[in-house]
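Asker: Coordinates in work.cif, mmCIF, N, CA and C atoms, are listed below.
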```
data_model
loop_
_atom_site.label_atom_id
_atom_site.label_comp_id
_atom_site.auth_asym_id
_atom_site.auth_seq_id
_atom_site.Cartn_x
_atom_site.Cartn_y
_atom_site.Cartn_z
N MET A 1 52.14 -104.49 -64.92
CA MET A 1 50.98 -104.16 -65.73
C MET A 1 50.51 -102.75 -65.40
N GLY A 2 49.98 -102.10 -66.40
CA GLY A 2 49.48 -100.75 -66.21
C GLY A 2 48.03 -100.73 -65.75
N LYS A 3 47.58 -99.55 -65.44
CA LYS A 3 46.20 -99.40 -65.01
C LYS A 3 45.27 -99.49 -66.22
N LYS A 4 44.08 -99.98 -65.97
CA LYS A 4 43.08 -100.00 -67.02
C LYS A 4 42.45 -98.62 -67.11
N LYS A 5 42.22 -98.18 -68.32
CA LYS A 5 41.59 -96.89 -68.52
C LYS A 5 40.08 -97.03 -68.39
N LYS A 6 39.48 -96.07 -67.73
CA LYS A 6 38.03 -96.08 -67.58
C LYS A 6 37.40 -95.67 -68.91
N GLN A 7 36.32 -96.32 -69.23
CA GLN A 7 35.59 -95.97 -70.44
C GLN A 7 34.80 -94.70 -70.19
N LYS A 8 35.05 -93.68 -70.96
CA LYS A 8 34.27 -92.45 -70.86
C LYS A 8 32.92 -92.68 -71.53
N GLU A 9 31.92 -92.00 -71.02
CA GLU A 9 30.63 -92.07 -71.67
C GLU A 9 30.74 -91.36 -73.01
N ILE A 10 30.39 -92.07 -74.05
CA ILE A 10 30.49 -91.51 -75.39
C ILE A 10 29.21 -90.71 -75.67
N GLU A 11 29.37 -89.41 -75.82
CA GLU A 11 28.23 -88.56 -76.15
C GLU A 11 28.15 -88.45 -77.65
N GLN A 12 27.10 -88.99 -78.21
CA GLN A 12 26.95 -88.93 -79.65
C GLN A 12 26.55 -87.52 -80.08
N CYS A 13 27.09 -87.11 -81.19
CA CYS A 13 26.78 -85.81 -81.75
C CYS A 13 26.03 -86.03 -83.05
N PHE A 14 25.26 -85.04 -83.46
CA PHE A 14 24.58 -85.14 -84.74
C PHE A 14 24.66 -83.81 -85.46
N CYS A 15 24.56 -83.87 -86.76
CA CYS A 15 24.58 -82.66 -87.57
C CYS A 15 23.18 -82.06 -87.58
N TYR A 16 23.07 -80.83 -87.17
CA TYR A 16 21.78 -80.14 -87.13
C TYR A 16 21.18 -80.03 -88.53
N TYR A 17 22.02 -79.87 -89.53
CA TYR A 17 21.54 -79.62 -90.87
C TYR A 17 21.05 -80.86 -91.60
N CYS A 18 21.63 -82.05 -91.32
CA CYS A 18 21.24 -83.25 -92.08
C CYS A 18 20.96 -84.47 -91.20
N ASP A 19 21.00 -84.32 -89.87
CA ASP A 19 20.67 -85.39 -88.91
C ASP A 19 21.63 -86.57 -88.93
N ARG A 20 22.81 -86.40 -89.44
CA ARG A 20 23.78 -87.48 -89.44
C ARG A 20 24.44 -87.59 -88.07
N ILE A 21 24.68 -88.81 -87.58
CA ILE A 21 25.23 -89.03 -86.25
C ILE A 21 26.73 -89.26 -86.33
N PHE A 22 27.45 -88.72 -85.34
CA PHE A 22 28.90 -88.87 -85.24
C PHE A 22 29.27 -89.28 -83.83
N ASP A 23 30.38 -89.98 -83.69
CA ASP A 23 30.83 -90.43 -82.38
C ASP A 23 31.50 -89.32 -81.59
N ASP A 24 32.12 -88.39 -82.27
CA ASP A 24 32.76 -87.28 -81.55
C ASP A 24 32.56 -85.97 -82.31
N GLU A 25 32.74 -84.88 -81.59
CA GLU A 25 32.42 -83.57 -82.15
C GLU A 25 33.43 -83.14 -83.21
N SER A 26 34.66 -83.61 -83.11
CA SER A 26 35.65 -83.20 -84.12
C SER A 26 35.27 -83.75 -85.50
N ALA A 27 34.75 -84.97 -85.56
CA ALA A 27 34.30 -85.53 -86.84
C ALA A 27 33.08 -84.76 -87.36
N LEU A 28 32.22 -84.32 -86.44
CA LEU A 28 31.06 -83.52 -86.82
C LEU A 28 31.49 -82.19 -87.43
N ILE A 29 32.49 -81.56 -86.83
CA ILE A 29 32.96 -80.27 -87.33
C ILE A 29 33.57 -80.42 -88.73
N VAL A 30 34.34 -81.49 -88.94
CA VAL A 30 34.91 -81.75 -90.26
C VAL A 30 33.79 -81.93 -91.28
N HIS A 31 32.75 -82.67 -90.90
CA HIS A 31 31.61 -82.89 -91.79
C HIS A 31 30.93 -81.57 -92.13
N GLN A 32 30.69 -80.74 -91.12
CA GLN A 32 30.00 -79.47 -91.37
C GLN A 32 30.81 -78.57 -92.30
N LYS A 33 32.12 -78.53 -92.11
CA LYS A 33 32.96 -77.72 -92.99
C LYS A 33 32.93 -78.24 -94.42
N ASN A 34 32.97 -79.58 -94.58
CA ASN A 34 33.03 -80.17 -95.92
C ASN A 34 31.69 -80.15 -96.65
N LYS A 35 30.59 -80.30 -95.94
CA LYS A 35 29.29 -80.44 -96.60
C LYS A 35 28.43 -79.18 -96.55
N HIS A 36 28.50 -78.45 -95.45
CA HIS A 36 27.54 -77.35 -95.27
C HIS A 36 28.17 -75.96 -95.32
N PHE A 37 29.44 -75.84 -95.01
CA PHE A 37 30.07 -74.52 -94.94
C PHE A 37 31.15 -74.35 -96.00
N LYS A 38 31.02 -75.01 -97.15
CA LYS A 38 32.02 -74.93 -98.20
C LYS A 38 31.53 -73.99 -99.30
N CYS A 39 32.39 -73.08 -99.70
CA CYS A 39 32.04 -72.09 -100.71
C CYS A 39 31.78 -72.79 -102.06
N PRO A 40 30.66 -72.49 -102.71
CA PRO A 40 30.37 -73.13 -104.00
C PRO A 40 31.26 -72.63 -105.14
N GLU A 41 31.87 -71.47 -104.97
CA GLU A 41 32.73 -70.90 -106.02
C GLU A 41 34.17 -71.41 -105.93
N CYS A 42 34.78 -71.29 -104.75
CA CYS A 42 36.21 -71.57 -104.63
C CYS A 42 36.52 -72.76 -103.72
N ASN A 43 35.50 -73.41 -103.16
CA ASN A 43 35.63 -74.59 -102.28
C ASN A 43 36.36 -74.30 -100.98
N ARG A 44 36.47 -73.05 -100.58
CA ARG A 44 37.07 -72.73 -99.28
C ARG A 44 36.09 -73.15 -98.19
N LYS A 45 36.63 -73.70 -97.10
CA LYS A 45 35.79 -74.21 -96.02
C LYS A 45 35.78 -73.23 -94.87
N MET A 46 34.58 -72.81 -94.47
CA MET A 46 34.41 -71.89 -93.37
C MET A 46 33.96 -72.64 -92.12
N ASN A 47 33.93 -71.94 -90.98
CA ASN A 47 33.53 -72.56 -89.72
C ASN A 47 32.03 -72.49 -89.47
N THR A 48 31.36 -71.49 -90.01
CA THR A 48 29.94 -71.32 -89.76
C THR A 48 29.22 -70.90 -91.03
N ALA A 49 27.89 -70.97 -91.00
CA ALA A 49 27.09 -70.55 -92.14
C ALA A 49 27.23 -69.05 -92.37
N GLN A 50 27.30 -68.29 -91.28
CA GLN A 50 27.48 -66.84 -91.42
C GLN A 50 28.84 -66.53 -92.04
N GLY A 51 29.85 -67.28 -91.67
CA GLY A 51 31.17 -67.11 -92.27
C GLY A 51 31.14 -67.39 -93.76
N LEU A 52 30.38 -68.42 -94.15
CA LEU A 52 30.24 -68.74 -95.57
C LEU A 52 29.52 -67.62 -96.31
N ALA A 53 28.43 -67.12 -95.74
CA ALA A 53 27.68 -66.05 -96.39
C ALA A 53 28.51 -64.78 -96.54
N THR A 54 29.26 -64.45 -95.49
CA THR A 54 30.10 -63.25 -95.54
C THR A 54 31.20 -63.41 -96.59
N HIS A 55 31.87 -64.56 -96.60
CA HIS A 55 32.92 -64.82 -97.58
C HIS A 55 32.37 -64.73 -99.00
N ALA A 56 31.24 -65.40 -99.25
CA ALA A 56 30.67 -65.44 -100.60
C ALA A 56 30.30 -64.03 -101.08
N PHE A 57 29.79 -63.20 -100.18
CA PHE A 57 29.40 -61.85 -100.58
C PHE A 57 30.61 -60.96 -100.80
N GLN A 58 31.57 -60.99 -99.88
CA GLN A 58 32.72 -60.09 -99.99
C GLN A 58 33.67 -60.47 -101.11
N VAL A 59 33.87 -61.76 -101.31
CA VAL A 59 34.86 -62.21 -102.30
C VAL A 59 34.25 -62.42 -103.68
N HIS A 60 33.07 -63.06 -103.72
CA HIS A 60 32.49 -63.46 -105.00
C HIS A 60 31.24 -62.66 -105.38
N LYS A 61 30.78 -61.77 -104.51
CA LYS A 61 29.57 -60.99 -104.73
C LYS A 61 28.34 -61.90 -104.92
N LEU A 62 28.32 -63.02 -104.19
CA LEU A 62 27.19 -63.94 -104.20
C LEU A 62 26.39 -63.76 -102.92
N THR A 63 25.08 -63.93 -103.00
CA THR A 63 24.25 -63.89 -101.81
C THR A 63 23.75 -65.31 -101.54
N ILE A 64 24.19 -65.88 -100.43
CA ILE A 64 23.75 -67.22 -100.04
C ILE A 64 22.66 -67.06 -99.00
N THR A 65 21.48 -67.60 -99.29
CA THR A 65 20.35 -67.42 -98.39
C THR A 65 20.02 -68.67 -97.59
N ALA A 66 20.59 -69.81 -97.96
CA ALA A 66 20.31 -71.06 -97.26
C ALA A 66 21.59 -71.87 -97.12
N VAL A 67 21.67 -72.68 -96.07
CA VAL A 67 22.84 -73.53 -95.85
C VAL A 67 22.84 -74.64 -96.90
N PRO A 68 23.93 -74.83 -97.63
CA PRO A 68 23.98 -75.88 -98.65
C PRO A 68 23.82 -77.27 -98.05
N ALA A 69 23.14 -78.14 -98.76
CA ALA A 69 22.95 -79.56 -98.42
C ALA A 69 22.23 -79.74 -97.08
N ALA A 70 21.37 -78.81 -96.71
CA ALA A 70 20.62 -78.92 -95.46
C ALA A 70 19.20 -79.37 -95.76
N LYS A 71 18.57 -80.02 -94.76
CA LYS A 71 17.19 -80.43 -94.90
C LYS A 71 16.29 -79.20 -94.92
N ALA A 72 15.11 -79.36 -95.51
CA ALA A 72 14.15 -78.27 -95.55
C ALA A 72 13.75 -77.92 -94.11
N GLY A 73 13.73 -76.64 -93.82
CA GLY A 73 13.39 -76.19 -92.48
C GLY A 73 14.61 -76.03 -91.58
N ARG A 74 15.73 -76.59 -91.98
CA ARG A 74 16.97 -76.47 -91.20
C ARG A 74 18.02 -75.68 -91.95
N ASP A 75 17.64 -75.03 -93.03
CA ASP A 75 18.62 -74.36 -93.88
C ASP A 75 18.74 -72.87 -93.60
N SER A 76 18.25 -72.42 -92.46
CA SER A 76 18.29 -70.99 -92.13
C SER A 76 19.71 -70.55 -91.79
N MET A 77 20.07 -69.38 -92.30
CA MET A 77 21.38 -68.81 -92.01
C MET A 77 21.38 -68.08 -90.66
N ALA A 78 20.20 -67.92 -90.05
CA ALA A 78 20.10 -67.15 -88.81
C ALA A 78 20.63 -67.92 -87.60
N VAL A 79 20.65 -69.24 -87.66
CA VAL A 79 21.11 -70.04 -86.53
C VAL A 79 22.63 -70.20 -86.60
N GLU A 80 23.32 -69.79 -85.56
CA GLU A 80 24.79 -69.87 -85.51
C GLU A 80 25.18 -71.21 -84.89
N ILE A 81 25.67 -72.14 -85.72
CA ILE A 81 26.00 -73.49 -85.25
C ILE A 81 27.44 -73.81 -85.60
N PHE A 82 28.16 -74.35 -84.62
CA PHE A 82 29.52 -74.85 -84.82
C PHE A 82 29.62 -76.14 -84.03
N GLY A 83 29.65 -77.27 -84.72
CA GLY A 83 29.62 -78.56 -84.02
C GLY A 83 28.25 -78.72 -83.37
N MET A 84 28.25 -78.99 -82.07
CA MET A 84 26.98 -79.08 -81.33
C MET A 84 26.63 -77.75 -80.67
N ALA A 85 27.53 -76.81 -80.66
CA ALA A 85 27.26 -75.50 -80.05
C ALA A 85 26.26 -74.74 -80.92
N GLY A 86 25.23 -74.24 -80.29
CA GLY A 86 24.24 -73.45 -80.99
C GLY A 86 23.04 -74.24 -81.47
N VAL A 87 23.05 -75.57 -81.30
CA VAL A 87 21.90 -76.37 -81.69
C VAL A 87 20.75 -76.03 -80.74
N PRO A 88 19.58 -75.72 -81.27
CA PRO A 88 18.46 -75.36 -80.40
C PRO A 88 18.13 -76.48 -79.40
N ASP A 89 17.77 -76.08 -78.18
CA ASP A 89 17.51 -77.05 -77.12
C ASP A 89 16.34 -77.97 -77.42
N ASP A 90 15.36 -77.51 -78.17
CA ASP A 90 14.22 -78.37 -78.47
C ASP A 90 14.56 -79.46 -79.48
N VAL A 91 15.63 -79.30 -80.23
CA VAL A 91 16.03 -80.29 -81.24
C VAL A 91 17.00 -81.30 -80.64
N ARG A 92 17.85 -80.86 -79.73
CA ARG A 92 18.93 -81.70 -79.20
C ARG A 92 18.45 -83.00 -78.52
N PRO A 93 17.58 -82.98 -77.53
CA PRO A 93 17.23 -84.23 -76.86
C PRO A 93 16.48 -85.18 -77.76
N ALA A 94 15.63 -84.69 -78.64
CA ALA A 94 14.85 -85.57 -79.49
C ALA A 94 15.75 -86.37 -80.43
N LYS A 95 16.78 -85.72 -80.96
CA LYS A 95 17.66 -86.42 -81.90
C LYS A 95 18.52 -87.46 -81.19
N LEU A 96 19.06 -87.13 -80.03
CA LEU A 96 19.97 -88.04 -79.35
C LEU A 96 19.24 -89.22 -78.73
N GLN A 97 17.93 -89.09 -78.45
CA GLN A 97 17.17 -90.20 -77.90
C GLN A 97 16.52 -91.02 -79.00
N GLY A 98 16.59 -90.55 -80.22
CA GLY A 98 16.04 -91.32 -81.32
C GLY A 98 14.56 -91.05 -81.56
N ASP A 99 13.97 -90.03 -80.92
CA ASP A 99 12.56 -89.76 -81.10
C ASP A 99 12.27 -89.02 -82.40
N GLY A 100 13.30 -88.42 -82.97
CA GLY A 100 13.12 -87.65 -84.19
C GLY A 100 13.02 -88.55 -85.40
N PRO A 101 13.06 -87.97 -86.59
CA PRO A 101 13.02 -88.77 -87.81
C PRO A 101 14.23 -89.69 -87.89
N ALA A 102 14.20 -90.60 -88.82
CA ALA A 102 15.26 -91.60 -88.96
C ALA A 102 16.62 -90.93 -89.03
N LEU A 103 17.54 -91.41 -88.22
CA LEU A 103 18.87 -90.81 -88.14
C LEU A 103 19.80 -91.53 -89.10
N LYS A 104 20.64 -90.76 -89.75
CA LYS A 104 21.62 -91.36 -90.65
C LYS A 104 22.88 -91.67 -89.87
N LYS A 105 23.42 -92.85 -90.02
CA LYS A 105 24.67 -93.24 -89.40
C LYS A 105 25.80 -92.88 -90.35
N ALA A 106 26.92 -92.46 -89.81
CA ALA A 106 28.07 -92.10 -90.63
C ALA A 106 28.55 -93.32 -91.41
N ARG A 107 28.82 -93.12 -92.69
CA ARG A 107 29.31 -94.22 -93.52
C ARG A 107 30.83 -94.26 -93.45
N ALA A 108 31.35 -95.46 -93.57
CA ALA A 108 32.80 -95.63 -93.51
C ALA A 108 33.46 -95.15 -94.80
N ASP A 109 32.74 -95.22 -95.94
CA ASP A 109 33.36 -94.87 -97.21
C ASP A 109 33.13 -93.41 -97.58
N ASP A 110 32.69 -92.58 -96.65
CA ASP A 110 32.45 -91.17 -96.94
C ASP A 110 33.77 -90.42 -97.02
N ASP A 111 33.80 -89.34 -97.76
CA ASP A 111 35.04 -88.59 -97.94
C ASP A 111 35.20 -87.47 -96.92
N ASP A 112 34.33 -87.41 -95.90
CA ASP A 112 34.46 -86.37 -94.87
C ASP A 112 35.72 -86.56 -94.05
N ASP A 113 35.92 -87.78 -93.61
CA ASP A 113 37.02 -88.08 -92.70
C ASP A 113 38.20 -88.61 -93.50
N VAL A 114 38.81 -87.74 -94.24
CA VAL A 114 39.91 -88.12 -95.10
C VAL A 114 41.13 -88.43 -94.24
N THR A 115 41.65 -89.63 -94.41
CA THR A 115 42.85 -89.99 -93.66
C THR A 115 44.06 -89.57 -94.48
N PRO A 116 45.09 -89.09 -93.83
CA PRO A 116 46.27 -88.66 -94.57
C PRO A 116 46.97 -89.87 -95.19
N PRO A 117 47.69 -89.65 -96.28
CA PRO A 117 48.40 -90.77 -96.90
C PRO A 117 49.49 -91.27 -95.96
N PRO A 118 49.87 -92.54 -96.11
CA PRO A 118 50.91 -93.07 -95.23
C PRO A 118 52.24 -92.34 -95.44
N ALA A 119 53.04 -92.30 -94.40
CA ALA A 119 54.33 -91.63 -94.47
C ALA A 119 55.25 -92.39 -95.42
N PRO A 120 56.09 -91.66 -96.16
CA PRO A 120 56.99 -92.36 -97.08
C PRO A 120 57.99 -93.20 -96.29
N PRO A 121 58.46 -94.27 -96.89
CA PRO A 121 59.41 -95.12 -96.18
C PRO A 121 60.72 -94.36 -95.95
N PRO A 122 61.44 -94.69 -94.88
CA PRO A 122 62.71 -94.00 -94.62
C PRO A 122 63.72 -94.33 -95.71
N PRO A 123 64.63 -93.41 -95.98
CA PRO A 123 65.61 -93.66 -97.03
C PRO A 123 66.54 -94.80 -96.63
N PRO A 124 67.09 -95.51 -97.60
CA PRO A 124 68.00 -96.59 -97.26
C PRO A 124 69.25 -96.03 -96.57
N GLY A 125 69.72 -96.75 -95.60
CA GLY A 125 70.92 -96.32 -94.90
C GLY A 125 70.62 -95.60 -93.60
N GLY A 126 69.40 -95.62 -93.14
CA GLY A 126 69.11 -95.06 -91.82
C GLY A 126 68.47 -93.70 -91.86
N MET A 127 68.94 -92.82 -91.00
CA MET A 127 68.33 -91.51 -90.79
C MET A 127 68.59 -90.59 -91.98
N PRO A 128 67.62 -89.72 -92.30
CA PRO A 128 67.85 -88.74 -93.36
C PRO A 128 68.85 -87.69 -92.88
N PRO A 129 69.47 -86.96 -93.79
CA PRO A 129 70.44 -85.95 -93.37
C PRO A 129 69.76 -84.84 -92.59
N PRO A 130 70.48 -84.20 -91.67
CA PRO A 130 69.87 -83.12 -90.89
C PRO A 130 69.57 -81.93 -91.79
N MET A 131 68.58 -81.16 -91.37
CA MET A 131 68.20 -79.97 -92.14
C MET A 131 69.19 -78.84 -91.84
N GLY A 132 69.61 -78.12 -92.87
CA GLY A 132 70.50 -76.98 -92.70
C GLY A 132 71.94 -77.42 -92.51
N GLY A 133 72.86 -76.50 -92.61
CA GLY A 133 74.28 -76.79 -92.40
C GLY A 133 74.92 -77.41 -93.62
N TYR A 134 76.16 -77.81 -93.48
CA TYR A 134 76.91 -78.42 -94.58
C TYR A 134 76.65 -79.91 -94.64
N HIS A 135 76.61 -80.45 -95.84
CA HIS A 135 76.45 -81.88 -96.04
C HIS A 135 77.59 -82.36 -96.94
N PRO A 136 78.19 -83.47 -96.60
CA PRO A 136 79.27 -83.98 -97.45
C PRO A 136 78.76 -84.23 -98.87
N GLY A 137 79.54 -83.83 -99.84
CA GLY A 137 79.18 -84.06 -101.24
C GLY A 137 78.34 -82.96 -101.84
N MET A 138 77.91 -82.01 -101.05
CA MET A 138 77.09 -80.91 -101.57
C MET A 138 77.94 -79.65 -101.63
N PRO A 139 77.69 -78.77 -102.59
CA PRO A 139 78.45 -77.52 -102.65
C PRO A 139 78.06 -76.63 -101.47
N PRO A 140 78.93 -75.72 -101.08
CA PRO A 140 78.61 -74.84 -99.96
C PRO A 140 77.50 -73.86 -100.35
N PRO A 141 76.81 -73.30 -99.38
CA PRO A 141 75.77 -72.32 -99.69
C PRO A 141 76.34 -71.08 -100.36
N MET A 142 75.47 -70.31 -101.00
CA MET A 142 75.89 -69.09 -101.69
C MET A 142 76.57 -68.14 -100.71
N GLY A 143 77.68 -67.55 -101.13
CA GLY A 143 78.37 -66.57 -100.31
C GLY A 143 79.43 -67.18 -99.41
N TYR A 144 79.55 -68.50 -99.36
CA TYR A 144 80.56 -69.16 -98.55
C TYR A 144 81.69 -69.65 -99.45
N PRO A 145 82.92 -69.65 -98.94
CA PRO A 145 84.04 -70.13 -99.77
C PRO A 145 83.91 -71.63 -99.99
N PRO A 146 84.52 -72.15 -101.03
CA PRO A 146 84.50 -73.60 -101.28
C PRO A 146 85.15 -74.35 -100.12
N TYR A 147 84.80 -75.62 -100.01
CA TYR A 147 85.38 -76.45 -98.96
C TYR A 147 86.91 -76.49 -99.12
N GLY A 148 87.61 -76.39 -98.04
CA GLY A 148 89.06 -76.48 -98.06
C GLY A 148 89.76 -75.20 -98.44
N ALA A 149 89.05 -74.16 -98.85
CA ALA A 149 89.68 -72.90 -99.22
C ALA A 149 90.07 -72.15 -97.95
N PRO A 150 91.21 -71.44 -97.97
CA PRO A 150 91.58 -70.68 -96.77
C PRO A 150 90.58 -69.55 -96.51
N PRO A 151 90.37 -69.21 -95.26
CA PRO A 151 89.39 -68.16 -94.93
C PRO A 151 89.81 -66.79 -95.33
#
```
Write the structure described by the file as structure tokens, please.

Answerer:
Amino acid sequence: MGKKKKQKEIEQCFCYYCDRIFDDESALIVHQKNKHFKCPECNRKMNTAQGLATHAFQVHKLTITAVPAAKAGRDSMAVEIFGMAGVPDDVRPAKLQGDGPALKKARADDDDDVTPPPAPPPPPGGMPPPMGGYHPGMPPPMGYPPYGAPP
């Protein structure tokens, strides 16, 4: 039998802009890119609000003055936030202890955490052919003599 893994303390993260709670920071970052740092013109996802504002101005000549889909008072572009990094210290403990306003729990049917489609089934007959090189039944690559031709 193997060793039992110790349970790590799960540090809950929350979105500064909308107070939604996440179990890990990677899910929070995906949420922020999809909901708060996405360009309204071309749907490109940036890492920060400043990145979004810079992209929108340089590429589309748009001026974004507030973080999209943020609560009132939390929509300032001046605060540099990426995941939990940059969240003001006065906001952090209140949210994680539940003293702040009602916290939203992440929904299972949300489109933030898009799971990739399942892998296609393997082809019948076992392993797929190797990439590159000659394959039986296929013509030779351009510039090579036909199979069986003298060199």

Asker: When you count only N, CA and C atoms, which of these residues is closest to Tyr16 (chain A): A:Met138, A:Val30, A:Ala70, A:Ala49?

Answerer: A:Ala70

Asker: For the file shown, what are the residues hit by the PyMOL selection byres (((chain A and resi 62 and name CA) around 12) and name CA), laid out as a list in words?

Answerer: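 Evaluating the PyMOL selection byres (((chain A and resi 62 and name CA) around 12) and name CA) on this file yields Cys39, Pro40, Glu41, Cys42, Leu52, Ala53, Thr54, His55, Ala56, Phe57, Gln58, Val59, His60, Lys61, Thr63, Ile64 and Thr65 of chain A.
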
Asker: Could you work out how far atom N of Gly86 (chain A) lies from atom N of Phe37 (chain A), giving the answer in Å with one decimal?

Answerer: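 According to the coordinates, atom N of Phe37 (chain A) and atom N of Gly86 (chain A) are separated by 15.4 Å.
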
Asker: Would you write out, as a PyMOL selection string, every residue that the PyMOL selection byres ((chain A and resi 66) around 6) captures in this file?

Answerer: chain A and resi 64-65+67-68+75-77
